[in-house]
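Participant: Encoded as structure tokens, here's the structure I'll be asking about.
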Amino acid sequence: MDERALVLGGGGAAGNAWLIGVIAGLLEAGLDATLADLVIGTSAGATAAAQITGGTRPAELYAAILAAQAPRRTDPARPGGGQGPVRPAGSHMETTGAIIAAARDAAGMRRGMGAWAIGNAAASDASVPARWRATVASRLSGLDWPQRRLLITAVDAQTGEPAVFDRHSGVDLVDAVAASCSSSTAHGIGARQYIDGGYRRNENADLAAGCARVLVLSPFGGRTRHPLGWGMQLAAQVGELRAGGSSVETVFPDGNSTQLFGANALDPALRPPAARAGYRQGSALAGQLGAFWH
């Protein structure tokens with residue numbers, strides 16, 4: 001058991017940028033997190049995981065975020081924050097909050113989220129799935145699964161069962177990432193429909209069980225909206241990993257950038273400041289994390 005795992009949690013458009021910034025800052029300061037034996041990505045972290053394993057160096061990904069012209073603000077009610085008419089972020093939070101409150105357990109919550117997302121998909125314009133898939137494809141460095149171990153999480157919208165995709169799953173990388181980022185509108189893959197992997201667990205760090213060292217980057221700072229008794233919070237995942245013999249380090253946004261990861265985390269205008277904040281953190285933490293990672 002000497003493998004290293006890099007876990008990239010969800011966090012919207014701002015979270016993706018922060019993750020890329022942290023990884024680029026770490027590398028610039030001498031710690032290459034992209035050399036992990038296993039990379040696990042969830043939601044925005046799924047996009048980042050596919051990006052850093054796709055052949056483009058973190059510095060290039062970071063520079064692209066800073067250079068990109070901010071698009072029109074995204075719609076929280078569209079898959080993964082896809083482009084569309086703006087609706088208040090509060091309505092999304094209120095709806096998902098009501099589903100969580102009505103559920104007796106995590107499995108019931110996932111089924112409720114799935115039913116809601118399937119309904120949203122049925123009510124959407126017929127062109128939405130293809131446009132969403134094209135949007136995801138445009139964000140990736142490569143469209144093929146890497147040879148290294150990459151796990152992308154999702155949830156089966158019809159059954160509520162967690163799903164974990166890899167290069168042996170028979171699912172295209174683009175579809176795996178699109179499913180993992182579909183927070184409110186189900187994404188179809190064949191006969192099945194899937195929703196955001198964050199409805200399994202926001203970071204899904206427990207999938208790194210068996211790895212000697214696990215580095216978790218969590219844009220939402222390990223927070224959870226679910227009852228602690230469900231065990232979905234990062235603290236529970238870390239406890240499970242450490243009980244299994246893994247050494248775990250977690251990185252959260254610092255006090256100067258936590259305001260970027262609230263209800264408006266899907267706003268693409270937050271990407272440049274989030275990336276810069278992550279880069280500063282990564283550069284500062286590389287020395288502290290060096291002994292752990294190497």
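So you can find residues: chains in the structure tokens are A, B, ... in the order shown, residues in each start at 1, and ligands are numbered from 1 in order.
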What are the nearest atom pairs, with distances in Å to one decimal, for all residues of range 87-138 of chain A that come at most 12 Å from range 190-201 of chain A, using only C-alpha atoms, set out by chain and rising residue number as JSON lines?
Facilitator:
```
{"residue": "A:Thr96", "atom": "CA", "partner": "A:Tyr199", "partner_atom": "CA", "distance": 10.6}
{"residue": "A:Ile99", "atom": "CA", "partner": "A:Tyr199", "partner_atom": "CA", "distance": 11.7}
{"residue": "A:Ile100", "atom": "CA", "partner": "A:Tyr199", "partner_atom": "CA", "distance": 10.3}
{"residue": "A:Asp105", "atom": "CA", "partner": "A:Arg200", "partner_atom": "CA", "distance": 11.8}
{"residue": "A:Ala106", "atom": "CA", "partner": "A:Arg200", "partner_atom": "CA", "distance": 8.0}
{"residue": "A:Ala107", "atom": "CA", "partner": "A:Arg200", "partner_atom": "CA", "distance": 8.8}
{"residue": "A:Gly108", "atom": "CA", "partner": "A:Tyr199", "partner_atom": "CA", "distance": 10.9}
{"residue": "A:Met109", "atom": "CA", "partner": "A:Tyr199", "partner_atom": "CA", "distance": 8.2}
{"residue": "A:Arg110", "atom": "CA", "partner": "A:Tyr199", "partner_atom": "CA", "distance": 6.2}
{"residue": "A:Arg111", "atom": "CA", "partner": "A:Tyr199", "partner_atom": "CA", "distance": 9.8}
{"residue": "A:Gly112", "atom": "CA", "partner": "A:Tyr199", "partner_atom": "CA", "distance": 10.6}
{"residue": "A:Met113", "atom": "CA", "partner": "A:Ile195", "partner_atom": "CA", "distance": 8.1}
{"residue": "A:Gly114", "atom": "CA", "partner": "A:Ile195", "partner_atom": "CA", "distance": 6.6}
{"residue": "A:Ala115", "atom": "CA", "partner": "A:Ile195", "partner_atom": "CA", "distance": 10.0}
{"residue": "A:Trp116", "atom": "CA", "partner": "A:Ile195", "partner_atom": "CA", "distance": 10.1}
{"residue": "A:Ala117", "atom": "CA", "partner": "A:Ile195", "partner_atom": "CA", "distance": 7.2}
{"residue": "A:Ile118", "atom": "CA", "partner": "A:Gln193", "partner_atom": "CA", "distance": 7.5}
{"residue": "A:Gly119", "atom": "CA", "partner": "A:Gln193", "partner_atom": "CA", "distance": 11.2}
{"residue": "A:Asn120", "atom": "CA", "partner": "A:Ile195", "partner_atom": "CA", "distance": 11.4}
{"residue": "A:Ala121", "atom": "CA", "partner": "A:Gln193", "partner_atom": "CA", "distance": 9.5}
{"residue": "A:Ala122", "atom": "CA", "partner": "A:Gln193", "partner_atom": "CA", "distance": 11.2}
{"residue": "A:Pro129", "atom": "CA", "partner": "A:Gln193", "partner_atom": "CA", "distance": 11.2}
```
Participant: Please write the residues from the selection above to a file, keeping N, CA, C and O atoms, as an mmCIF file, in the first residue's frame.
Facilitator:
```
data_model
loop_
_atom_site.group_PDB
_atom_site.id
_atom_site.type_symbol
_atom_site.label_atom_id
_atom_site.label_comp_id
_atom_site.auth_asym_id
_atom_site.auth_seq_id
_atom_site.Cartn_x
_atom_site.Cartn_y
_atom_site.Cartn_z
ATOM 1 N N THR A 96 -33.514 21.883 -3.491
ATOM 2 C CA THR A 96 -32.684 20.772 -3.028
ATOM 3 C C THR A 96 -32.722 20.659 -1.511
ATOM 4 O O THR A 96 -32.705 19.551 -0.965
ATOM 5 N N ILE A 99 -35.797 18.726 -0.578
ATOM 6 C CA ILE A 99 -35.640 17.295 -0.853
ATOM 7 C C ILE A 99 -34.812 16.645 0.250
ATOM 8 O O ILE A 99 -35.133 15.553 0.734
ATOM 9 N N ILE A 100 -33.752 17.312 0.669
ATOM 10 C CA ILE A 100 -32.924 16.790 1.759
ATOM 11 C C ILE A 100 -33.742 16.681 3.048
ATOM 12 O O ILE A 100 -33.694 15.662 3.752
ATOM 13 N N ASP A 105 -33.069 9.214 4.786
ATOM 14 C CA ASP A 105 -31.676 8.801 4.765
ATOM 15 C C ASP A 105 -31.052 9.232 3.445
ATOM 16 O O ASP A 105 -31.727 9.803 2.578
ATOM 17 N N ALA A 106 -29.755 8.946 3.287
ATOM 18 C CA ALA A 106 -29.045 9.380 2.082
ATOM 19 C C ALA A 106 -29.601 8.718 0.833
ATOM 20 O O ALA A 106 -29.695 9.350 -0.229
ATOM 21 N N ALA A 107 -29.977 7.458 0.927
ATOM 22 C CA ALA A 107 -30.517 6.757 -0.234
ATOM 23 C C ALA A 107 -31.823 7.392 -0.687
ATOM 24 O O ALA A 107 -32.058 7.581 -1.890
ATOM 25 N N GLY A 108 -32.675 7.756 0.267
ATOM 26 C CA GLY A 108 -33.923 8.425 -0.065
ATOM 27 C C GLY A 108 -33.683 9.793 -0.665
ATOM 28 O O GLY A 108 -34.396 10.215 -1.590
ATOM 29 N N MET A 109 -32.691 10.504 -0.150
ATOM 30 C CA MET A 109 -32.345 11.806 -0.700
ATOM 31 C C MET A 109 -31.898 11.664 -2.150
ATOM 32 O O MET A 109 -32.327 12.433 -3.028
ATOM 33 N N ARG A 110 -31.060 10.685 -2.431
ATOM 34 C CA ARG A 110 -30.577 10.494 -3.802
ATOM 35 C C ARG A 110 -31.725 10.155 -4.759
ATOM 36 O O ARG A 110 -31.769 10.652 -5.889
ATOM 37 N N ARG A 111 -32.653 9.334 -4.291
ATOM 38 C CA ARG A 111 -33.812 9.018 -5.138
ATOM 39 C C ARG A 111 -34.652 10.268 -5.392
ATOM 40 O O ARG A 111 -35.153 10.489 -6.506
ATOM 41 N N GLY A 112 -34.831 11.084 -4.360
ATOM 42 C CA GLY A 112 -35.589 12.322 -4.520
ATOM 43 C C GLY A 112 -34.922 13.278 -5.488
ATOM 44 O O GLY A 112 -35.587 13.885 -6.341
ATOM 45 N N MET A 113 -33.589 13.433 -5.347
ATOM 46 C CA MET A 113 -32.856 14.294 -6.272
ATOM 47 C C MET A 113 -32.940 13.754 -7.694
ATOM 48 O O MET A 113 -33.098 14.511 -8.655
ATOM 49 N N GLY A 114 -32.867 12.433 -7.822
ATOM 50 C CA GLY A 114 -32.938 11.829 -9.143
ATOM 51 C C GLY A 114 -34.275 12.060 -9.810
ATOM 52 O O GLY A 114 -34.351 12.410 -11.001
ATOM 53 N N ALA A 115 -35.372 11.885 -9.060
ATOM 54 C CA ALA A 115 -36.710 12.092 -9.619
ATOM 55 C C ALA A 115 -36.890 13.543 -10.058
ATOM 56 O O ALA A 115 -37.466 13.819 -11.130
ATOM 57 N N TRP A 116 -36.417 14.467 -9.251
ATOM 58 C CA TRP A 116 -36.495 15.890 -9.593
ATOM 59 C C TRP A 116 -35.693 16.184 -10.858
ATOM 60 O O TRP A 116 -36.165 16.873 -11.771
ATOM 61 N N ALA A 117 -34.482 15.630 -10.935
ATOM 62 C CA ALA A 117 -33.617 15.887 -12.084
ATOM 63 C C ALA A 117 -34.161 15.249 -13.354
ATOM 64 O O ALA A 117 -34.027 15.811 -14.452
ATOM 65 N N ILE A 118 -34.775 14.069 -13.233
ATOM 66 C CA ILE A 118 -35.401 13.441 -14.400
ATOM 67 C C ILE A 118 -36.562 14.300 -14.899
ATOM 68 O O ILE A 118 -36.754 14.492 -16.100
ATOM 69 N N GLY A 119 -37.342 14.839 -13.968
ATOM 70 C CA GLY A 119 -38.430 15.731 -14.342
ATOM 71 C C GLY A 119 -37.918 16.977 -15.043
ATOM 72 O O GLY A 119 -38.507 17.429 -16.039
ATOM 73 N N ASN A 120 -36.827 17.542 -14.562
ATOM 74 C CA ASN A 120 -36.234 18.714 -15.206
ATOM 75 C C ASN A 120 -35.766 18.382 -16.617
ATOM 76 O O ASN A 120 -35.904 19.190 -17.541
ATOM 77 N N ALA A 121 -35.177 17.181 -16.770
ATOM 78 C CA ALA A 121 -34.697 16.772 -18.087
ATOM 79 C C ALA A 121 -35.865 16.622 -19.056
ATOM 80 O O ALA A 121 -35.786 17.034 -20.227
ATOM 81 N N ALA A 122 -36.955 16.036 -18.591
ATOM 82 C CA ALA A 122 -38.122 15.837 -19.452
ATOM 83 C C ALA A 122 -38.736 17.163 -19.883
ATOM 84 O O ALA A 122 -39.308 17.276 -20.974
ATOM 85 N N PRO A 129 -29.448 18.119 -24.067
ATOM 86 C CA PRO A 129 -28.421 17.088 -23.823
ATOM 87 C C PRO A 129 -27.206 17.216 -24.733
ATOM 88 O O PRO A 129 -26.061 17.135 -24.265
#
```
Participant: Quick one: pick out all strand (DSSP E or B) residues within range 89-280 of chain A from a backbone DSSP run and write them as a PyMOL selection string.
Facilitator: chain A and resi 149-156+162-165+187-189+192-196+213-217+247-251
Participant: Counting only C-alpha atoms, which residue out of A:Leu38, A:Leu260, A:Leu207, A:Leu140 sits closest to Ala275 in chain A?
Facilitator: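 Distance minimum relative to Ala275 in chain A lands on A:Leu260.
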Participant: Quick one: distance from CA of Pro58 in chain A to CA of Leu151 in chain A in Å, one decimal?
Facilitator: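 Going from CA of Pro58 in chain A over to CA of Leu151 in chain A covers 19.0 Å.
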Participant: Which one of A:His187, A:Arg133, A:Arg149, A:Arg271 sits closest to Leu35 in chain A if you count only C-alpha atoms?
Facilitator: A:Arg149
Participant: Residues of range 70-258 of chain A classed as helix (DSSP H, G or I) by DSSP on the backbone are to be reported as a ChimeraX atom specification.
Facilitator: /A:79-81,89-102,106-123,128-139,173-180,197-199,205-208,228-230,234-243,258
Participant: Which is closest to Pro227 in chain A among A:Leu173, A:Leu241, A:Ala103, A:Ala68, if we use only C-alpha atoms?
Facilitator: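 The shortest atom-to-atom distance to Pro227 in chain A comes from A:Ala103.
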Participant: Quick one: of A:Leu6, A:Ala59, A:Ala33, A:Ala265, who's nearest to Ala212 in chain A, counting only C-alpha atoms?
Facilitator: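 Of the candidates, the smallest distance to Ala212 in chain A is held by A:Leu6.
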Participant: Residues near Gly278 in chain A, anyone? I mean within 8 Å using only C-alpha atoms, not counting same-chain ones fewer than 6 positions away, as a PyMOL selection string.
Facilitator: chain A and resi 17-23+25+253
Participant: Quick one, how far is CA of Gly210 in chain A from CA of Gly244 in chain A?
Facilitator: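 That distance, rounded to one decimal, is 7.1 Å.
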Participant: One decimal, Å: what's the distance from CA of Ala137 in chain A over to CA of Leu270 in chain A, could you say?
Facilitator: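 Separating CA of Ala137 in chain A from CA of Leu270 in chain A is a distance of 21.3 Å.
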